[in-house]
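Pasting structure.txt here (compact mmCIF, C-alpha atoms):
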# COMPACT_ATOMS: atom_id res chain seq x y z
CA MET P 1440 40.67 22.89 -7.05
CA ALA P 1441 37.92 24.19 -4.83
CA ARG P 1442 35.85 21.45 -3.32
CA LYS P 1443 32.56 20.98 -5.12
CA LYS P 1444 29.34 21.18 -3.16
CA GLU P 1445 27.27 18.07 -2.63
CA SER P 1446 24.11 18.18 -4.76
CA PRO P 1447 21.32 19.38 -2.51
CA SER P 1448 18.78 16.82 -1.41
CA GLN P 1449 15.09 17.01 -2.31
CA THR P 1450 12.17 15.12 -0.86
CA ALA P 1451 11.61 11.64 -2.24
CA GLY P 1452 7.93 12.56 -2.53
CA PRO P 1453 4.92 10.31 -1.97
CA TYR P 1454 5.78 8.04 -4.89
CA VAL P 1455 9.31 7.02 -3.88
CA HIS P 1456 8.19 3.40 -4.31
CA ILE P 1457 8.07 3.74 -8.09
CA GLY P 1458 11.78 4.39 -8.09
CA LEU P 1459 13.04 2.13 -5.34
CA THR P 1460 10.54 -0.70 -4.95
CA PRO P 1461 8.32 -0.63 -8.04
CA GLY P 1462 7.27 -4.26 -7.59
CA ALA P 1463 5.86 -3.39 -4.17
CA VAL P 1464 3.37 -0.95 -5.75
CA GLY P 1465 2.36 -3.29 -8.53
CA ILE P 1466 4.64 -2.02 -11.30
CA ARG P 1467 5.66 -5.32 -12.79
CA GLY P 1468 7.31 -6.33 -16.00
CA ILE P 1469 10.13 -3.79 -15.90
CA TYR P 1470 12.56 -5.36 -13.47
CA ALA P 1471 12.91 -9.02 -12.68
CA GLN P 1472 13.24 -8.06 -9.03
CA ASP P 1473 13.28 -4.99 -6.81
CA LEU P 1474 16.67 -4.24 -5.30
CA GLY P 1475 17.10 -4.73 -1.57
CA LYS P 1476 14.00 -6.85 -1.32
CA GLU P 1477 15.30 -8.48 1.83
CA THR P 1478 18.58 -9.10 3.61
CA GLY P 1479 18.43 -12.81 2.89
CA ALA P 1480 17.90 -13.90 6.52
CA ASP P 1481 14.88 -14.32 8.77
CA ALA P 1482 16.25 -15.01 12.23
CA ILE P 1483 14.41 -12.02 13.72
CA THR P 1484 11.42 -9.89 12.83
CA LEU P 1485 11.53 -6.17 13.51
CA THR P 1486 8.29 -4.23 13.27
CA GLY P 1487 7.15 -0.71 14.00
CA THR P 1488 5.49 2.43 12.75
CA VAL P 1489 6.89 5.79 11.72
CA PHE P 1490 4.83 8.63 13.23
CA ASP P 1491 4.68 12.31 12.33
CA GLY P 1492 4.41 15.24 14.74
CA ALA P 1493 0.64 14.83 15.02
CA GLY P 1494 0.99 11.16 15.97
CA GLU P 1495 -0.26 10.01 12.56
CA PRO P 1496 1.48 7.10 10.82
CA VAL P 1497 3.64 8.18 7.88
CA ARG P 1498 1.96 5.87 5.39
CA ASP P 1499 4.02 6.73 2.33
CA CYS P 1500 7.54 6.34 3.69
CA LEU P 1501 10.24 3.93 2.75
CA ILE P 1502 13.02 2.76 5.03
CA GLU P 1503 16.40 1.41 4.02
CA PHE P 1504 18.10 -0.83 6.52
CA THR P 1505 21.74 -1.79 6.52
CA GLN P 1506 23.50 -3.93 9.08
CA ALA P 1507 26.23 -6.41 9.91
CA ASP P 1508 25.65 -10.15 9.89
CA GLU P 1509 25.26 -12.24 13.04
CA LYS P 1510 29.02 -12.25 13.51
CA GLY P 1511 29.31 -8.49 13.21
CA ARG P 1512 30.81 -8.53 9.74
CA THR P 1513 30.03 -5.45 7.66
CA LYS P 1514 32.06 -6.21 4.56
CA LEU P 1515 29.53 -8.40 2.87
CA ALA P 1516 29.91 -9.63 -0.65
CA LYS P 1517 28.11 -7.80 -3.43
CA VAL P 1518 25.58 -10.50 -3.94
CA GLY P 1519 22.13 -10.66 -5.37
CA ARG P 1520 19.48 -13.04 -6.42
CA LYS P 1521 21.87 -15.64 -7.71
CA THR P 1522 23.66 -16.43 -4.49
CA GLY P 1523 20.83 -15.98 -2.00
CA LYS P 1524 23.41 -14.99 0.58
CA PHE P 1525 22.90 -12.52 3.37
CA THR P 1526 23.35 -8.98 2.04
CA GLY P 1527 22.72 -6.88 5.14
CA PHE P 1528 20.62 -4.45 3.08
CA ALA P 1529 16.87 -4.13 2.75
CA ARG P 1530 14.37 -1.67 1.38
CA VAL P 1531 11.08 -1.69 3.18
CA PRO P 1532 8.14 0.45 2.14
CA VAL P 1533 5.71 0.77 5.04
CA ASP P 1534 2.23 -0.60 4.53
CA LEU P 1535 0.40 2.05 2.48
CA LYS P 1536 -2.75 1.67 4.61
CA THR P 1537 -1.48 1.11 8.15
CA GLY P 1538 1.99 2.67 8.01
CA LYS P 1539 3.53 -0.39 9.65
CA PHE P 1540 6.91 -1.72 8.58
CA ARG P 1541 8.23 -5.22 8.97
CA LEU P 1542 11.79 -6.39 8.44
CA LYS P 1543 12.88 -10.02 8.54
CA THR P 1544 16.60 -10.23 8.99
CA ALA P 1545 19.55 -11.57 10.96
CA LYS P 1546 20.23 -10.36 14.47
CA PRO P 1547 23.44 -8.42 13.93
CA GLY P 1548 26.45 -9.19 16.08
CA ALA P 1549 28.55 -6.58 17.84
CA ILE P 1550 30.50 -4.63 15.23
CA LYS P 1551 34.20 -4.09 15.52
CA ASP P 1552 34.84 -0.69 14.03
CA ILE P 1553 37.74 0.14 11.73
CA ASP P 1554 39.83 1.25 14.71
CA GLY P 1555 38.90 -1.72 16.89
CA THR P 1556 36.15 -0.04 18.94
CA LEU P 1557 33.25 -2.37 19.64
CA HIS P 1558 29.73 -1.19 18.78
CA ALA P 1559 26.67 -2.84 20.26
CA PRO P 1560 24.56 -4.82 17.78
CA HIS P 1561 22.53 -2.37 15.74
CA ILE P 1562 20.78 -1.79 12.43
CA THR P 1563 21.16 1.47 10.54
CA ALA P 1564 17.93 2.94 9.19
CA TRP P 1565 17.44 5.70 6.63
CA ILE P 1566 13.98 7.15 6.19
CA VAL P 1567 12.63 9.02 3.18
CA ALA P 1568 9.10 10.24 2.41
CA ARG P 1569 7.03 13.15 1.21
CA GLY P 1570 7.82 16.06 3.51
CA ILE P 1571 11.26 14.78 4.49
CA ASN P 1572 13.59 17.12 2.64
CA ILE P 1573 16.74 15.21 3.48
CA GLY P 1574 16.79 11.53 4.42
CA LEU P 1575 16.84 10.82 8.15
CA HIS P 1576 19.58 8.59 9.48
CA THR P 1577 19.14 6.65 12.71
CA ARG P 1578 20.14 3.42 14.45
CA ILE P 1579 18.14 0.64 16.02
CA TYR P 1580 19.64 -1.14 19.04
CA PHE P 1581 18.17 -4.10 20.95
CA ALA P 1582 16.71 -4.09 24.46
CA ASP P 1583 18.23 -7.49 25.27
CA GLU P 1584 21.75 -6.18 24.72
CA ALA P 1585 21.82 -3.90 27.77
CA GLU P 1586 25.46 -4.50 28.59
CA ALA P 1587 26.71 -3.86 25.05
CA ASN P 1588 24.41 -0.86 24.73
CA ALA P 1589 25.86 0.67 27.91
CA ALA P 1590 29.34 0.54 26.38
CA ASP P 1591 28.36 1.68 22.88
CA PRO P 1592 30.30 4.75 21.70
CA VAL P 1593 27.42 6.15 19.66
CA LEU P 1594 24.71 5.67 22.30
CA SER P 1595 27.05 7.35 24.77
CA ARG P 1596 26.91 10.53 22.69
CA VAL P 1597 23.15 10.62 22.95
CA PRO P 1598 21.64 12.33 26.02
CA LYS P 1599 20.52 9.63 28.47
CA SER P 1600 16.95 10.83 28.38
CA ARG P 1601 16.73 10.17 24.64
CA ARG P 1602 18.57 6.84 24.34
CA ALA P 1603 15.41 4.77 24.69
CA THR P 1604 14.18 6.12 21.35
CA LEU P 1605 16.92 4.06 19.66
CA ILE P 1606 16.28 0.77 21.43
CA ALA P 1607 13.84 -1.82 20.08
CA ASP P 1608 11.72 -3.65 22.65
CA LYS P 1609 11.78 -7.41 22.70
CA THR P 1610 8.17 -8.44 22.16
CA GLY P 1611 8.53 -12.18 21.78
CA LYS P 1612 10.90 -14.93 20.73
CA SER P 1613 12.97 -13.40 17.92
CA ARG P 1614 10.60 -10.44 17.72
CA TYR P 1615 11.47 -6.81 18.25
CA CYS P 1616 9.44 -3.65 17.94
CA ILE P 1617 10.41 -0.02 17.59
CA ASP P 1618 8.37 3.02 16.63
CA ILE P 1619 10.09 5.94 14.99
CA ARG P 1620 8.82 9.42 15.80
CA LEU P 1621 9.81 12.18 13.43
CA GLN P 1622 8.77 14.88 15.88
CA GLY P 1623 7.36 15.39 19.35
CA GLU P 1624 8.07 14.53 22.94
CA ASP P 1625 9.64 11.15 22.20
CA GLU P 1626 11.27 12.28 18.97
CA THR P 1627 13.68 9.65 17.69
CA VAL P 1628 17.34 10.62 17.71
CA PHE P 1629 18.55 11.28 14.17
CA PHE P 1630 22.21 11.50 13.28
CA ASP P 1631 24.46 13.69 11.22
CA VAL P 1632 27.24 11.35 10.19
CA MET Y 508 31.72 21.66 12.34
CA ALA Y 509 35.07 20.48 13.59
CA LYS Y 510 33.85 21.02 17.14
CA ALA Y 511 32.24 17.64 17.25
CA THR Y 512 35.41 15.60 17.37
CA SER Y 513 35.13 12.12 18.78
CA LYS Y 514 36.64 10.95 22.02
CA ALA Y 515 40.23 9.82 21.91
CA GLY Y 516 40.50 6.33 20.53
CA ALA Y 517 37.00 6.30 19.11
CA SER Y 518 36.07 5.85 15.50
CA ALA Y 519 36.98 7.97 12.53
CA ARG Y 520 36.51 11.63 13.37
CA PRO Y 521 33.38 13.21 11.96
CA GLY Y 522 34.40 14.38 8.57
CA ALA Y 523 37.57 12.29 8.50
CA VAL Y 524 36.48 10.28 5.49
CA PHE Y 525 33.36 12.05 4.28
CA PRO Y 526 33.10 15.72 5.18
CA LEU Y 527 29.98 16.52 7.18
CA ARG Y 528 27.07 17.71 5.11
CA ASP Y 529 26.65 21.44 4.67
CA ARG Y 530 23.15 21.60 6.09
CA LYS Y 531 22.73 25.22 4.96
CA TRP Y 532 23.29 24.21 1.35
CA HIS Y 533 20.77 21.41 1.67
CA PRO Y 534 17.07 22.28 1.98
CA LYS Y 535 15.65 23.43 5.27
CA PRO Y 536 14.09 20.35 6.91
CA ARG Y 537 11.03 22.30 8.01
CA ASP Y 538 9.77 24.96 5.67
CA ALA Y 539 6.41 26.67 6.09
CA GLY Y 540 6.03 26.94 2.30
CA TYR Y 541 6.12 23.15 1.92
CA ARG Y 542 3.24 22.00 4.05
CA SER Y 543 4.16 18.33 4.35
CA SER Y 544 7.50 19.17 5.94
CA ILE Y 545 5.94 20.84 8.96
CA LEU Y 546 5.00 17.67 10.85
CA ARG Y 547 7.61 15.42 9.27
CA SER Y 548 10.83 17.16 10.29
CA PRO Y 549 12.70 16.61 13.55
CA LYS Y 550 12.62 19.56 15.93
CA LYS Y 551 15.65 18.47 17.92
CA LYS Y 552 19.18 18.89 16.61
CA LEU Y 553 20.80 16.03 14.76
CA VAL Y 554 23.41 14.25 16.87
CA ILE Y 555 26.81 14.23 15.19
CA ILE Y 556 28.41 10.79 15.37
CA PRO Y 557 31.70 9.33 14.17
CA GLN Y 558 31.83 7.59 10.84
CA THR Y 559 32.06 3.90 11.65
CA ALA Y 560 32.14 0.64 9.78
CA SER Y 561 28.33 0.78 9.72
CA GLU Y 562 28.29 3.85 7.51
CA LEU Y 563 31.55 3.51 5.61
CA THR Y 564 31.18 0.09 4.11
CA GLY Y 565 29.68 -0.28 0.68
CA PRO Y 566 26.07 -1.01 -0.02
CA VAL Y 567 24.98 -4.47 -1.03
CA PHE Y 568 21.90 -4.16 -3.18
CA GLY Y 569 22.39 -6.87 -5.76
CA HIS Y 570 24.54 -5.43 -8.54
CA ASP Y 571 23.83 -8.46 -10.69
CA LEU Y 572 20.15 -7.56 -10.86
CA ILE Y 573 20.66 -4.48 -13.03
CA GLY Y 574 19.56 -5.17 -16.59
CA ASN Y 575 20.73 -3.47 -19.78
CA LYS Y 576 17.20 -2.41 -20.69
CA ASP Y 577 16.60 -0.75 -17.33
CA THR Y 578 17.86 2.59 -18.71
CA ASP Y 579 15.23 2.98 -21.42
CA LEU Y 580 12.00 4.30 -19.93
CA ILE Y 581 10.51 4.80 -23.39
CA THR Y 582 10.26 1.07 -23.93
CA ASN Y 583 10.90 -0.71 -20.62
CA PHE Y 584 7.18 -0.81 -19.79
CA ALA Y 585 5.75 -0.48 -23.30
CA ARG Y 586 3.72 -3.14 -25.03
CA SER Y 587 5.40 -4.89 -27.90
CA GLY Y 588 5.97 -2.48 -30.79
CA LYS Y 589 4.78 0.55 -28.77
CA SER Y 590 6.59 3.32 -26.96
CA ALA Y 591 5.78 5.88 -24.30
CA ILE Y 592 3.97 9.05 -25.38
CA GLY Y 593 5.80 12.34 -25.05
CA GLU Y 594 8.84 14.36 -25.97
CA ARG Y 595 11.73 11.91 -26.27
CA ILE Y 596 14.79 12.95 -24.28
CA ILE Y 597 18.20 11.68 -23.25
CA VAL Y 598 19.25 12.46 -19.69
CA HIS Y 599 22.92 11.95 -19.10
CA GLY Y 600 25.82 13.17 -17.00
CA ARG Y 601 28.34 12.08 -14.43
CA VAL Y 602 28.23 11.30 -10.75
CA LEU Y 603 31.23 13.01 -9.18
CA ASP Y 604 32.64 13.29 -5.68
CA GLU Y 605 33.43 16.61 -4.05
CA GLN Y 606 36.92 16.51 -5.56
CA GLY Y 607 35.38 16.25 -9.00
CA ARG Y 608 36.36 12.64 -9.58
CA GLY Y 609 33.91 10.26 -11.18
CA VAL Y 610 32.15 7.82 -8.84
CA PRO Y 611 32.07 4.43 -10.58
CA ASP Y 612 29.54 1.68 -9.82
CA CYS Y 613 27.12 4.15 -8.30
CA LEU Y 614 23.53 2.93 -8.39
CA VAL Y 615 21.40 5.60 -10.09
CA GLU Y 616 17.65 5.06 -9.93
CA ILE Y 617 15.14 7.48 -11.43
CA TRP Y 618 11.38 7.82 -11.35
CA GLN Y 619 9.01 10.34 -12.84
CA ALA Y 620 5.53 11.28 -13.98
CA ASN Y 621 4.44 10.63 -17.56
CA ALA Y 622 4.12 13.33 -20.24
CA GLY Y 623 0.75 14.38 -18.78
CA GLY Y 624 2.17 14.79 -15.29
CA ARG Y 625 0.69 11.63 -13.82
CA TYR Y 626 2.54 8.94 -11.87
CA ARG Y 627 1.86 5.24 -12.09
CA HIS Y 628 1.17 4.76 -8.39
CA VAL Y 629 -1.80 3.43 -6.43
CA ASN Y 630 -2.04 6.65 -4.42
CA GLU Y 631 -1.96 8.97 -7.45
CA SER Y 632 -5.25 10.72 -8.22
CA TYR Y 633 -4.42 13.49 -10.71
CA ILE Y 634 -6.93 13.68 -13.59
CA ALA Y 635 -4.32 13.43 -16.35
CA PRO Y 636 -4.42 10.03 -18.09
CA LEU Y 637 -2.08 7.15 -17.46
CA ASP Y 638 0.05 6.17 -20.42
CA PRO Y 639 -0.33 2.40 -20.85
CA ASP Y 640 3.17 2.27 -22.30
CA PHE Y 641 5.00 4.17 -19.59
CA GLY Y 642 6.07 2.75 -16.23
CA GLY Y 643 8.12 5.67 -14.97
CA CYS Y 644 11.26 4.13 -13.53
CA GLY Y 645 14.77 3.23 -14.61
CA ARG Y 646 18.06 2.24 -13.04
CA THR Y 647 21.71 1.86 -13.94
CA LEU Y 648 25.23 1.66 -12.54
CA THR Y 649 27.68 4.43 -13.41
CA ALA Y 650 30.63 3.59 -15.63
CA LYS Y 651 34.27 3.88 -14.54
CA ASP Y 652 34.26 7.64 -15.08
CA GLY Y 653 30.99 8.08 -13.20
CA SER Y 654 28.92 8.57 -16.34
CA TYR Y 655 25.34 7.41 -16.77
CA ARG Y 656 22.65 7.73 -19.44
CA PHE Y 657 18.89 7.27 -19.62
CA THR Y 658 16.41 7.63 -22.45
CA THR Y 659 12.96 8.74 -21.39
CA ILE Y 660 10.17 11.19 -22.13
CA ARG Y 661 9.98 14.64 -20.66
CA PRO Y 662 7.66 14.49 -17.64
CA GLY Y 663 4.77 16.93 -17.46
CA PRO Y 664 4.29 19.48 -14.68
CA TYR Y 665 1.33 18.86 -12.37
CA PRO Y 666 -0.66 20.60 -9.64
CA TRP Y 667 -0.45 19.38 -6.05
CA PRO Y 668 -2.31 20.12 -2.84
CA ASN Y 669 -0.08 22.53 -0.94
CA GLY Y 670 -0.90 26.19 -1.47
CA PRO Y 671 -3.99 27.41 -3.37
CA ASN Y 672 -2.42 26.86 -6.80
CA ASP Y 673 0.94 25.11 -6.55
CA TRP Y 674 2.43 23.26 -9.51
CA ARG Y 675 5.51 21.09 -9.59
CA PRO Y 676 7.91 21.99 -12.38
CA ALA Y 677 8.74 19.09 -14.68
CA HIS Y 678 11.21 16.96 -12.75
CA ILE Y 679 12.84 13.57 -12.51
CA HIS Y 680 13.55 12.01 -9.11
CA PHE Y 681 17.10 10.72 -8.67
CA SER Y 682 18.29 8.25 -6.07
CA LEU Y 683 22.04 7.82 -5.73
CA PHE Y 684 23.77 5.03 -3.89
CA GLY Y 685 27.50 5.53 -3.95
CA GLN Y 686 30.24 3.65 -2.19
CA ALA Y 687 29.12 4.09 1.39
CA PHE Y 688 25.87 4.67 3.22
CA THR Y 689 27.11 8.17 4.14
CA GLN Y 690 26.87 9.10 0.45
CA ARG Y 691 23.21 8.15 0.16
CA LEU Y 692 21.24 10.88 -1.57
CA ILE Y 693 17.81 11.41 -3.05
CA THR Y 694 17.22 14.54 -5.09
CA GLN Y 695 15.34 15.88 -8.13
CA MET Y 696 16.42 17.10 -11.53
CA TYR Y 697 14.69 20.12 -13.08
CA PHE Y 698 14.79 21.37 -16.68
CA GLU Y 699 16.59 24.52 -17.77
CA GLY Y 700 14.23 27.36 -18.60
CA ASP Y 701 11.16 26.04 -16.76
CA PRO Y 702 9.28 29.06 -15.35
CA LEU Y 703 7.75 26.89 -12.61
CA ILE Y 704 11.11 26.23 -10.93
CA PRO Y 705 11.35 29.48 -8.93
CA ARG Y 706 7.66 29.21 -7.96
CA CYS Y 707 7.86 25.69 -6.54
CA PRO Y 708 7.65 25.42 -2.74
CA ILE Y 709 9.69 22.20 -2.77
CA VAL Y 710 12.47 23.81 -4.82
CA ARG Y 711 12.31 26.78 -2.45
CA THR Y 712 13.14 24.65 0.58
CA ILE Y 713 16.67 25.19 -0.80
CA LYS Y 714 17.67 28.73 0.06
CA ASP Y 715 20.81 29.38 -1.99
CA PRO Y 716 20.04 30.07 -5.68
CA LYS Y 717 23.38 28.48 -6.59
CA ALA Y 718 22.34 25.29 -4.84
CA ILE Y 719 19.06 25.32 -6.77
CA GLY Y 720 21.05 25.83 -9.96
CA GLN Y 721 22.90 22.61 -9.22
CA LEU Y 722 19.63 20.70 -9.71
CA VAL Y 723 18.76 22.25 -13.07
CA ALA Y 724 19.80 20.14 -16.07
CA LYS Y 725 21.09 22.03 -19.07
CA LEU Y 726 19.84 21.53 -22.60
CA ASP Y 727 22.68 19.76 -24.41
CA MET Y 728 22.36 20.01 -28.19
CA ASP Y 729 25.67 18.21 -28.67
CA GLY Y 730 24.23 15.18 -26.89
CA ALA Y 731 20.95 15.32 -28.79
CA LYS Y 732 20.15 12.62 -31.32
CA PRO Y 733 18.99 14.30 -34.57
CA MET Y 734 15.44 13.43 -35.62
CA ASP Y 735 15.04 11.48 -32.38
CA SER Y 736 15.70 13.05 -28.98
CA LEU Y 737 16.84 16.23 -27.25
CA ALA Y 738 19.42 15.77 -24.52
CA TYR Y 739 19.78 17.21 -21.03
CA ARG Y 740 23.01 17.13 -19.09
CA PHE Y 741 22.81 16.57 -15.35
CA ASP Y 742 25.89 16.05 -13.18
CA ILE Y 743 25.45 15.05 -9.57
CA ILE Y 744 27.93 15.58 -6.75
CA LEU Y 745 28.16 13.07 -3.90
CA ARG Y 746 30.03 13.50 -0.66
CA GLY Y 747 33.61 12.69 -0.03
CA ALA Y 748 36.47 10.83 -1.58
CA ARG Y 749 36.24 7.72 -3.64
CA SER Y 750 39.62 6.22 -2.89
CA THR Y 751 39.72 2.83 -1.22
CA LEU Y 752 39.22 3.02 2.50
CA PHE Y 753 42.42 2.00 4.25
CA GLU Y 754 41.50 0.64 7.62
CA ASN Y 755 44.75 1.68 9.25
CA ARG Y 756 44.99 5.22 7.96
CA LEU Y 757 41.66 6.89 7.61
CA GLU Y 758 43.22 10.31 7.92
CA GLY Y 759 45.27 9.88 4.78
CA ASN Y 760 42.41 8.59 2.73
Please rewrite the model in this file as structure tokens.
Amino acid sequence: MARKKESPSQTAGPYVHIGLTPGAVGIRGIYAQDLGKETGADAITLTGTVFDGAGEPVRDCLIEFTQADEKGRTKLAKVGRKTGKFTGFARVPVDLKTGKFRLKTAKPGAIKDIDGTLHAPHITAWIVARGINIGLHTRIYFADEAEANAADPVLSRVPKSRRATLIADKTGKSRYCIDIRLQGEDETVFFDV
Amino acid sequence: MAKATSKAGASARPGAVFPLRDRKWHPKPRDAGYRSSILRSPKKKLVIIPQTASELTGPVFGHDLIGNKDTDLITNFARSGKSAIGERIIVHGRVLDEQGRGVPDCLVEIWQANAGGRYRHVNESYIAPLDPDFGGCGRTLTAKDGSYRFTTIRPGPYPWPNGPNDWRPAHIHFSLFGQAFTQRLITQMYFEGDPLIPRCPIVRTIKDPKAIGQLVAKLDMDGAKPMDSLAYRFDIILRGARSTLFENRLEGN
């Protein structure tokens, strides 16, 4: 049988929050809880802003983060509210006024890939918003993991001049910051995976 | 596409588990007709990377949080004894992979405007009234065969600031979360016969009419509930295979 074609993507639009994080925009009484409210850990805080090509914050976007736990484990149990365990998955709408996002989570450990290759600690991010016709996939690495970053097989595919766009600065104890630029001189590297 | 093979000994080859996306079938990221896309689309080429444990493992979103009533948008926000205003419809179908096999346990989330074309959102400013009995969202997990079903009201079309007189066709937003992050997809469902579909700048970011056709739900009289609701059938295709990922033989998966 001929392979079917993947359904084409469409923009999530400005009201993506109604569908994915209704509680965050004040729609209460339908669900007991939004899905992916947090990863279940708060060892580090990652903040930043998503900017468009004019340097304006993208105030209506939503980011999904997925990551390994502090030991680098990616096969996490399908848990929810009842267990309170670390899930490695979070949905974060940016602040509708400032465009800033904030994720409290675990600092991921180095990830051993399915074939044994070691990947530097990183968080996967997927960004959707009005004007983004197909979700943008990127990774966030950590500035204080220079040695692991230098050996990372994905970073090594990225031109040296652009690698810094994927690395969060350390801004304090357990605090990291990264801005994501959809377009422009310091455009963030986005992946086709 | 096969050009971007990984280095020897590196992770699963691009496309080894999930074939790379056909970016010509998907909408153009930057399309002059859809104004918002102009400053919000990358100008540099996407970097092709291997599929690694980060992208191939399943999502953890809290499966135990899905409630049975989450599929009924007619009543899930309504006051006691009330129901949402509008044409009652059933939207159902299957989530399939590219081989045509059902994707079970896929998280399907939908959101939409009310019958007047207005969303329940703090940033919404369209003059149509809010329906006090309509929230506009629903969610479910697909069954073993990939099937899903919602009851809702047909959303209204609405004007939006883009061109001088652009209107969105009636549509329902769909978010799909399959068995790996690589399958993640957000799209929209349109209604068969809507004359606004070919005029919509967002629809037209997709260039192939067959690809647009894939997002148009068909009126399904067999699925309709007499004296109650019309039905629309909407199947969705996600990337790749659904078989269990064998860590030691990705190629044969």
>> At a cut-off of 9 Å, using all atoms listed in the file, what residues contact Y:Leu703? Leave out same-chain residues fewer than 5 positions from it and give the result as a count of residues only.
In response: 5
> Which residue, P:Pro1461, P:Gly1611, P:Gly1492, P:Gly1479, has the smallest gap to chain Y when you use all atoms listed in the file?
Replying inline: P:Gly1492
> Which polymer residues have any atom within 7 Å of an atom of P:Ala1568, counting all atoms listed in the file, with same-chain residues fewer than 4 positions away left out, as a ChimeraX atom specification?
Replying inline: /P:1450-1453,1499-1501
Any chance you can output those residues with C-alpha atoms as a JSON list (two decimals), in the frame of the given file?
[["chain", "number", "residue", "atom", "x", "y", "z"],
["P", 1450, "THR", "CA", 12.17, 15.12, -0.86],
["P", 1451, "ALA", "CA", 11.61, 11.64, -2.24],
["P", 1452, "GLY", "CA", 7.93, 12.56, -2.53],
["P", 1453, "PRO", "CA", 4.92, 10.31, -1.97],
["P", 1499, "ASP", "CA", 4.02, 6.73, 2.33],
["P", 1500, "CYS", "CA", 7.54, 6.34, 3.69],
["P", 1501, "LEU", "CA", 10.24, 3.93, 2.75]]
>> Could you tell me how far atom CA of P:Pro1547 sits from atom CA of P:Tyr1615, in Å to one decimal place?
In response: 12.8 Å
> Excluding same-chain residues fewer than 5 positions from P:Gly1570, what lies within 6 Å of it counting all atoms listed in the file, as a list in words?
Replying inline: Ser543, Ser544 and Arg547 of chain Y
> atom CA of P:Asp1608 and atom CA of P:Lys1524 are how many Å apart?
Replying inline: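 According to the coordinates, atom CA of P:Asp1608 and atom CA of P:Lys1524 are separated by 27.4 Å.
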>> Excluding stretch 730-734 of chain Y and its own-chain neighbours fewer than 6 positions away, which residues fall within 10 Å of it when counting all atoms listed in the file? Please give them as a PyMOL selection string.
In response: chain Y and resi 595-599+740
>> Just to confirm, what's the straight-line distance from atom CA of P:Ile1619 to atom CA of Y:Thr689 in Å (one decimal)?
In response: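 Separation of atom CA of P:Ile1619 and atom CA of Y:Thr689: 20.3 Å.
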> Between Y:Lys550, Y:Lys717, Y:Arg586, Y:Lys651, which is the closest to chain P once you count all atoms listed in the file?
Replying inline: Y:Lys550
> Of the candidates Y:Ser736, Y:Thr659, Y:Gln606, Y:Gln690, which shows the shortest atom-to-atom distance to P:Ala1441, using only C-alpha atoms?
Replying inline: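 When distances to P:Ala1441 are compared using only C-alpha atoms, the smallest one comes from Y:Gln606.
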> Y:Asp538, Y:Asp742, Y:Glu605, Y:Asp729: which is nearest chain P, counting only C-alpha atoms?
Replying inline: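 Of Y:Asp538, Y:Asp742, Y:Glu605, Y:Asp729, the one nearest chain P, counting only C-alpha atoms, is Y:Glu605.
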Excluding P:Asn1572 and its own-chain neighbours fewer than 3 positions away, which residues fall within 8 Å of it when counting only C-alpha atoms? Please give them as a PDB file with C-alpha atoms, in the frame of the given file.
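The result, stored in around-v4.pdb:
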ATOM      1  CA  SER P1448      18.780  16.820  -1.410  1.00  0.00           C
ATOM      2  CA  GLN P1449      15.090  17.010  -2.310  1.00  0.00           C
ATOM      3  CA  THR P1450      12.170  15.120  -0.860  1.00  0.00           C
ATOM      4  CA  ALA P1451      11.610  11.640  -2.240  1.00  0.00           C
ATOM      5  CA  ARG P1569       7.030  13.150   1.210  1.00  0.00           C
TER       6      ARG P1569
ATOM      7  CA  PRO Y 534      17.070  22.280   1.980  1.00  0.00           C
ATOM      8  CA  LYS Y 535      15.650  23.430   5.270  1.00  0.00           C
ATOM      9  CA  PRO Y 536      14.090  20.350   6.910  1.00  0.00           C
ATOM     10  CA  ARG Y 537      11.030  22.300   8.010  1.00  0.00           C
ATOM     11  CA  SER Y 544       7.500  19.170   5.940  1.00  0.00           C
ATOM     12  CA  THR Y 712      13.140  24.650   0.580  1.00  0.00           C
TER      13      THR Y 712
END
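Proximity to Y:Tyr541 was assessed for Y:Ala635, Y:Ile709, Y:Leu580, Y:Leu614 counting all atoms listed in the file; the smallest distance is recorded for Y:Ile709.
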>> Counting only C-alpha atoms, which residues sit no farther than 6 Å from the position (23.2, -8.0, 2.5) in the file's frame? I'd like them as a list in words.
In response: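 Protein and nucleic acid residues near the point are Thr1478, Phe1525, Thr1526, Gly1527 and Phe1528 of chain P; Val567 of chain Y.
Among the candidates Y:Arg661, Y:His680, Y:Arg601, Y:Lys714, the one nearest to chain P when counting only C-alpha atoms is Y:His680.
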> Could you list as an MDAnalysis selection string every residue that has an atom within 12 Å of (19.9, -7.9, 4.9), using the file's coordinates and counting only C-alpha atoms?
Replying inline: (chainID P and resid 1474:1484 1503:1509 1512:1513 1515:1519 1523:1531 1542:1547 1562:1564) or (chainID Y and resid 566:569)
